[in-house]
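structure_1.txt follows (compact mmCIF, C-alpha atoms):
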# COMPACT_ATOMS: atom_id res chain seq x y z
CA MET A 1 96.20 152.83 95.54
CA THR A 2 97.28 149.22 94.85
CA GLN A 3 98.69 147.87 91.61
CA SER A 4 95.43 145.99 91.02
CA ASP A 5 93.56 149.29 91.39
CA ASP A 6 95.82 150.81 88.74
CA VAL A 7 95.14 147.89 86.41
CA LYS A 8 91.41 148.15 86.96
CA ILE A 9 91.41 151.90 86.26
CA SER A 10 93.38 151.29 83.07
CA GLU A 11 90.96 148.56 82.00
CA ASP A 12 87.96 150.75 82.80
CA ARG A 13 89.49 153.58 80.76
CA ARG A 14 89.98 151.32 77.75
CA ASP A 15 86.49 149.82 78.15
CA ALA A 16 84.98 153.32 78.14
CA LEU A 17 86.79 154.23 74.95
CA ARG A 18 85.97 150.88 73.36
CA TYR A 19 82.30 151.55 74.06
CA ALA A 20 82.56 155.01 72.52
CA LEU A 21 84.18 153.52 69.43
CA GLY A 22 81.55 150.84 69.18
CA ILE A 23 84.14 148.06 69.40
CA GLY A 24 82.39 144.85 70.36
CA SER A 25 78.95 146.50 70.35
CA GLY A 26 76.30 147.46 67.82
CA ALA A 27 78.90 148.81 65.43
CA ALA A 28 80.44 145.35 65.16
CA LEU A 29 77.00 143.89 64.35
CA ALA A 30 76.49 146.52 61.67
CA ALA A 31 79.85 145.61 60.19
CA THR A 32 78.77 141.98 59.78
CA LEU A 33 75.79 143.12 57.70
CA THR A 34 78.06 144.94 55.23
CA THR A 35 78.93 143.10 52.07
CA PRO A 36 82.58 141.96 51.78
CA ALA A 37 83.21 144.18 48.74
CA SER A 38 81.85 147.30 50.38
CA ALA A 39 83.70 146.52 53.61
CA GLN A 40 86.98 146.23 51.72
CA ALA A 41 86.30 149.51 49.94
CA GLN A 42 85.57 151.27 53.22
CA ALA A 43 88.72 149.88 54.81
CA ALA A 44 90.79 151.03 51.86
CA ASP A 45 89.38 154.56 52.04
CA ASN A 46 89.54 155.10 55.78
CA THR A 47 92.55 154.69 58.08
CA LEU A 48 90.52 153.65 61.11
CA ASP A 49 88.79 150.84 59.21
CA ARG A 50 92.04 149.70 57.61
CA VAL A 51 93.94 149.63 60.89
CA ARG A 52 91.23 147.55 62.53
CA ALA A 53 90.90 145.26 59.53
CA ASN A 54 94.65 144.67 59.12
CA LYS A 55 95.30 144.55 62.87
CA VAL A 56 98.34 146.81 62.37
CA LEU A 57 98.99 150.44 63.34
CA ARG A 58 101.96 151.97 61.49
CA ILE A 59 103.71 154.80 63.30
CA ALA A 60 106.77 156.91 62.58
CA VAL A 61 109.57 156.49 65.11
CA LEU A 62 112.45 158.95 65.45
CA PRO A 63 115.74 157.60 66.84
CA GLY A 64 117.31 159.68 69.59
CA GLU A 65 114.42 162.12 69.98
CA LEU A 66 113.89 161.96 73.74
CA PRO A 67 111.56 162.20 75.57
CA TYR A 68 109.34 161.13 72.67
CA PHE A 69 111.36 158.25 71.21
CA ASN A 70 114.26 156.12 72.39
CA LYS A 71 115.62 152.94 70.81
CA ASP A 72 117.62 150.40 72.77
CA LEU A 73 120.37 149.53 70.30
CA ALA A 74 121.05 146.22 72.02
CA THR A 75 117.48 144.90 71.92
CA GLY A 76 115.82 147.10 69.30
CA THR A 77 113.11 147.97 71.83
CA TRP A 78 111.44 151.37 71.54
CA SER A 79 110.36 153.51 74.51
CA GLY A 80 109.42 157.10 75.26
CA PHE A 81 106.39 159.36 75.57
CA SER A 82 105.11 158.74 72.05
CA ILE A 83 105.66 155.00 72.36
CA GLU A 84 103.60 154.96 75.57
CA MET A 85 100.82 156.67 73.63
CA ALA A 86 101.14 154.23 70.73
CA ASN A 87 101.10 151.19 73.03
CA ASP A 88 97.87 152.39 74.63
CA LEU A 89 96.26 152.91 71.23
CA ALA A 90 97.37 149.44 70.12
CA LYS A 91 95.78 147.85 73.21
CA LEU A 92 92.59 149.83 72.75
CA LEU A 93 92.24 148.91 69.09
CA ASP A 94 93.57 145.36 69.59
CA VAL A 95 96.28 145.78 66.94
CA LYS A 96 100.03 145.41 66.64
CA LEU A 97 102.46 148.29 66.17
CA GLU A 98 104.65 148.58 63.10
CA TYR A 99 107.59 150.98 63.39
CA VAL A 100 108.78 153.07 60.44
CA GLU A 101 111.99 154.97 61.22
CA SER A 102 111.72 158.58 60.09
CA THR A 103 112.43 162.20 61.01
CA TYR A 104 110.21 165.11 61.99
CA GLY A 105 110.21 166.48 58.45
CA ASN A 106 109.83 163.11 56.75
CA SER A 107 106.91 162.11 58.97
CA ILE A 108 104.71 164.47 56.98
CA LEU A 109 105.94 162.98 53.70
CA ASP A 110 105.44 159.45 55.07
CA LEU A 111 101.81 160.27 55.87
CA GLN A 112 101.22 161.62 52.39
CA ALA A 113 102.82 158.53 50.85
CA ASN A 114 100.67 156.23 53.01
CA LYS A 115 103.73 154.70 54.70
CA ILE A 116 102.40 155.43 58.20
CA ASP A 117 99.01 155.94 59.85
CA LEU A 118 100.06 158.36 62.56
CA GLY A 119 102.86 160.86 63.21
CA PHE A 120 103.62 161.78 66.81
CA ALA A 121 105.29 164.83 68.39
CA LEU A 122 104.66 167.12 65.44
CA ASN A 123 104.08 170.87 65.71
CA PRO A 124 100.96 171.92 63.81
CA THR A 125 101.97 174.75 61.50
CA PRO A 126 99.92 176.50 58.81
CA GLN A 127 102.25 175.04 56.15
CA ARG A 128 101.83 171.48 57.40
CA ALA A 129 98.07 171.94 57.81
CA LEU A 130 97.83 172.50 54.06
CA VAL A 131 98.81 168.87 53.37
CA VAL A 132 97.87 166.78 56.44
CA ASP A 133 95.31 166.85 59.24
CA PHE A 134 96.11 167.33 62.91
CA THR A 135 94.33 165.95 65.94
CA SER A 136 93.48 168.03 68.97
CA LEU A 137 96.39 169.39 70.97
CA VAL A 138 98.48 166.87 72.91
CA PHE A 139 100.01 169.66 74.97
CA PRO A 140 101.17 173.28 74.64
CA HIS A 141 104.97 173.06 74.74
CA PRO A 142 106.02 176.06 76.84
CA PHE A 143 109.04 178.32 76.43
CA GLY A 144 111.11 179.65 79.28
CA ALA A 145 114.73 180.02 80.27
CA MET A 146 117.62 178.11 81.76
CA LEU A 147 118.79 180.43 84.52
CA LYS A 148 122.26 180.56 86.03
CA LYS A 149 122.48 179.89 89.73
CA GLY A 150 121.40 182.94 91.68
CA LEU A 151 119.30 184.44 88.89
CA GLU A 152 115.60 184.56 89.70
CA ALA A 153 112.98 185.09 86.98
CA LYS A 154 109.27 184.37 86.75
CA THR A 155 108.23 186.58 83.82
CA TRP A 156 109.77 187.71 80.53
CA ALA A 157 110.11 191.18 82.03
CA ASP A 158 112.55 189.77 84.58
CA ILE A 159 115.09 188.95 81.83
CA ASN A 160 114.15 191.79 79.45
CA LYS A 161 116.97 194.01 80.70
CA PRO A 162 120.21 195.18 79.02
CA GLU A 163 122.32 193.74 81.81
CA VAL A 164 120.91 190.23 81.23
CA LYS A 165 122.92 188.24 78.67
CA ILE A 166 120.91 185.63 76.77
CA ALA A 167 122.24 182.90 74.47
CA VAL A 168 120.15 181.35 71.67
CA ASP A 169 120.82 179.25 68.57
CA VAL A 170 120.58 181.41 65.48
CA GLY A 171 117.51 181.07 63.25
CA SER A 172 115.62 178.94 65.75
CA ALA A 173 112.24 179.38 67.41
CA ASN A 174 114.25 180.02 70.59
CA GLU A 175 115.85 183.08 69.03
CA ALA A 176 112.52 184.35 67.68
CA VAL A 177 110.92 184.05 71.12
CA ALA A 178 113.86 185.75 72.87
CA ARG A 179 113.91 188.69 70.45
CA ARG A 180 110.17 189.16 70.70
CA PHE A 181 109.69 188.89 74.47
CA ALA A 182 113.09 190.05 75.74
CA PRO A 183 114.17 192.61 73.09
CA ASN A 184 115.97 194.82 75.63
CA ALA A 185 118.26 192.03 76.83
CA THR A 186 121.73 191.47 75.41
CA ILE A 187 121.05 188.57 73.05
CA LYS A 188 123.91 186.46 71.73
CA SER A 189 123.04 184.30 68.69
CA LEU A 190 125.25 181.25 68.19
CA LYS A 191 125.55 178.69 65.40
CA SER A 192 124.47 175.59 67.33
CA ARG A 193 122.84 174.38 70.54
CA ASP A 194 126.19 172.97 71.64
CA GLU A 195 127.75 176.45 71.43
CA VAL A 196 124.81 177.86 73.37
CA MET A 197 125.33 175.34 76.17
CA LEU A 198 129.06 176.07 76.20
CA GLU A 199 128.36 179.77 76.70
CA MET A 200 126.03 178.91 79.57
CA SER A 201 128.36 176.44 81.26
CA SER A 202 131.30 178.84 80.99
CA GLY A 203 129.32 181.62 82.66
CA ARG A 204 129.56 183.99 79.69
CA VAL A 205 125.75 184.39 79.61
CA ASP A 206 123.10 184.59 82.31
CA CYS A 207 120.43 182.46 80.70
CA VAL A 208 119.35 180.48 77.67
CA VAL A 209 115.89 180.89 76.18
CA ASN A 210 114.47 177.60 74.92
CA ALA A 211 111.52 175.24 75.00
CA LEU A 212 110.89 173.17 78.11
CA VAL A 213 112.11 169.79 76.81
CA LEU A 214 115.40 171.23 75.58
CA GLY A 215 115.99 173.02 78.87
CA LEU A 216 115.12 170.14 81.16
CA THR A 217 117.14 167.54 79.26
CA ALA A 218 120.19 169.82 79.04
CA ILE A 219 120.17 170.45 82.78
CA ALA A 220 119.67 166.73 83.46
CA LYS A 221 122.93 166.11 81.57
CA ASN A 222 124.74 168.96 83.31
CA PRO A 223 123.11 170.19 86.56
CA ASN A 224 125.74 172.94 86.80
CA LEU A 225 123.93 174.80 84.01
CA GLY A 226 121.39 176.05 86.55
CA THR A 227 117.62 175.72 86.74
CA TYR A 228 114.80 175.85 84.22
CA LYS A 229 111.79 178.12 84.59
CA ILE A 230 108.67 178.46 82.44
CA LEU A 231 108.27 182.22 82.04
CA GLN A 232 104.89 183.91 82.22
CA SER A 233 103.22 187.22 81.28
CA PRO A 234 102.69 186.15 78.61
CA SER A 235 102.67 182.38 78.47
CA VAL A 236 104.53 181.44 75.28
CA THR A 237 103.92 177.99 73.80
CA ILE A 238 104.15 176.02 70.60
CA ALA A 239 101.59 173.29 70.01
CA SER A 240 102.68 169.66 70.11
CA GLY A 241 100.29 167.33 68.35
CA THR A 242 99.80 164.29 66.19
CA ALA A 243 99.26 164.28 62.44
CA VAL A 244 97.24 161.97 60.21
CA ARG A 245 96.81 161.61 56.48
CA ARG A 246 94.16 163.88 54.97
CA GLU A 247 91.14 161.86 53.89
CA PRO A 248 87.43 162.62 53.34
CA ASP A 249 86.31 160.42 56.24
CA LYS A 250 87.49 162.13 59.45
CA ARG A 251 86.69 159.30 61.86
CA TRP A 252 90.38 158.40 62.44
CA ARG A 253 91.33 161.99 63.23
CA ASP A 254 88.24 162.52 65.38
CA PHE A 255 88.75 159.30 67.32
CA LEU A 256 92.34 160.23 68.09
CA SER A 257 91.25 163.70 69.23
CA VAL A 258 88.75 162.19 71.67
CA TRP A 259 91.39 159.73 72.90
CA ILE A 260 93.90 162.57 73.45
CA ASP A 261 91.40 164.81 75.26
CA TYR A 262 90.33 161.92 77.48
CA ASN A 263 93.86 160.98 78.50
CA ARG A 264 94.81 164.60 79.15
CA GLY A 265 91.72 165.00 81.31
CA VAL A 266 92.48 162.01 83.54
CA GLY A 267 96.16 162.91 83.92
CA GLN A 268 97.47 159.99 81.87
CA MET A 269 99.28 162.19 79.32
CA ARG A 270 101.37 163.89 82.01
CA GLU A 271 102.28 160.51 83.50
CA TRP A 272 103.48 159.24 80.11
CA PHE A 273 105.36 162.49 79.48
CA VAL A 274 107.17 162.39 82.83
CA LYS A 275 108.06 158.75 82.19
CA GLY A 276 109.57 159.73 78.84
CA LEU A 277 111.57 162.56 80.42
CA ALA A 278 112.95 160.08 82.96
CA LEU A 279 114.68 158.29 80.08
CA ALA A 280 116.65 161.51 79.55
CA GLY A 281 117.54 161.73 83.23
CA VAL A 282 114.90 164.28 84.19
CA LYS A 283 113.44 163.66 87.64
CA ALA A 284 109.69 163.87 88.13
CA GLU A 285 110.10 166.60 90.74
CA ASP A 286 112.01 168.73 88.22
CA VAL A 287 109.05 168.89 85.81
CA PRO A 288 107.38 172.29 86.43
CA VAL A 289 103.91 172.11 87.91
CA GLU A 290 102.89 174.84 85.44
CA LEU A 291 103.24 172.39 82.55
CA ASN A 292 99.72 171.99 81.15
CA ILE A 293 99.58 168.41 79.99

Whole structure given in structure tokens:
Amino acid sequence: MTQSDDVKISEDRRDALRYALGIGSGAALAATLTTPASAQAQAADNTLDRVRANKVLRIAVLPGELPYFNKDLATGTWSGFSIEMANDLAKLLDVKLEYVESTYGNSILDLQANKIDLGFALNPTPQRALVVDFTSLVFPHPFGAMLKKGLEAKTWADINKPEVKIAVDVGSANEAVARRFAPNATIKSLKSRDEVMLEMSSGRVDCVVNALVLGLTAIAKNPNLGTYKILQSPSVTIASGTAVRREPDKRWRDFLSVWIDYNRGVGQMREWFVKGLALAGVKAEDVPVELNI
């Protein structure tokens, strides 16, 4: 496939979504028949209308949170998985991006305070769902284990043995997963991720239970840690999604859900994700084929 083919496919993909949105079609004609006052009221009440009217999409950006966000301190340029997603949305909607530096926790507060229009890389939880809306799933973030060299494991049963020493950071989702699915292993809870990695690199434990991104990026920094494997039977995941402000009109949320489902279906999400991981030194061939994105 040539570069021009790639460009054409990308343009066709955006044209298809533009048609679905009604951009440049009958919906635009209907908008011209709306009175200015009512149009302004609609734009004020609905994020999708406001974004298109103001030509600006405000997103939360999180410094240092690879593979989702990365800021070049020399140029101020942002990159990463979530930025790839945001750039595609901006092209589709014909708007500019406005970056609001935040954190995972503050992204929810920023949505409620109407400081941003969209929060990326957020885990939908029941508590968060009480105050904001979530789009459809971007991808199920799988859990597995960093395995020392020579240790083979495909399922949780393979490490659920007293002779297997597991390190986790105390109070984390990693610890909860390890204690639930490998309760018979010898589990060592440590204060921080750095201490966990030190235990692994020193050979004092056999494996580290953690989510895929944490495992892959840690091994990319220090290949001597071993290999990462998504463990099965059962498949353990935590949802990774995008959040929007709760509002009566659900068109913004629903549009984003369609956009996400479409890009997952055509393989674009995985391509953006692998590109983001590359910023953290993770090679494309090291991304497990089992990753469902």

Once 3 Å is added on each side, what centre and edge lengths in Å to one decimal does the axis-aligned box around all listed atoms of stretch 109-115 of chain A have, as lines of an AutoDock Vina configuration file?
center_x = 103.3
center_y = 158.8
center_z = 53.4
size_x = 11.3
size_y = 14.3
size_z = 11.0

Could you check how far atom CA of A:Lys191 sits from atom CA of A:Arg204, in Å to one decimal?
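Straight-line distance from atom CA of A:Lys191 to atom CA of A:Arg204 works out to 15.8 Å.
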
Pick from A:Lys229, A:Arg251, A:Lys188, A:Lys161, whichever lies nearest to A:Arg50 using all atoms listed in the file
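Of all the options, A:Arg251 lies closest to A:Arg50.
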
Might you pull out every residue within 8 Å of stretch 138-141 of chain A, with all atoms listed in the file counted and same-chain residues fewer than 2 positions away left off, and present them as a list in words?
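Returned residues: Ser136, Phe143, Ala211, Leu212, Thr237, Ile238, Ala239, Ser240, Gly241, Thr242, Ile260, Asp261, Arg264, Met269, Asn292 and Ile293 of chain A.
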
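With distances taken over all atoms listed in the file, A:Asp117 is the one residue among A:Asp88, A:Glu271, A:Asp169, A:Asp117 lying closest to A:Glu247.
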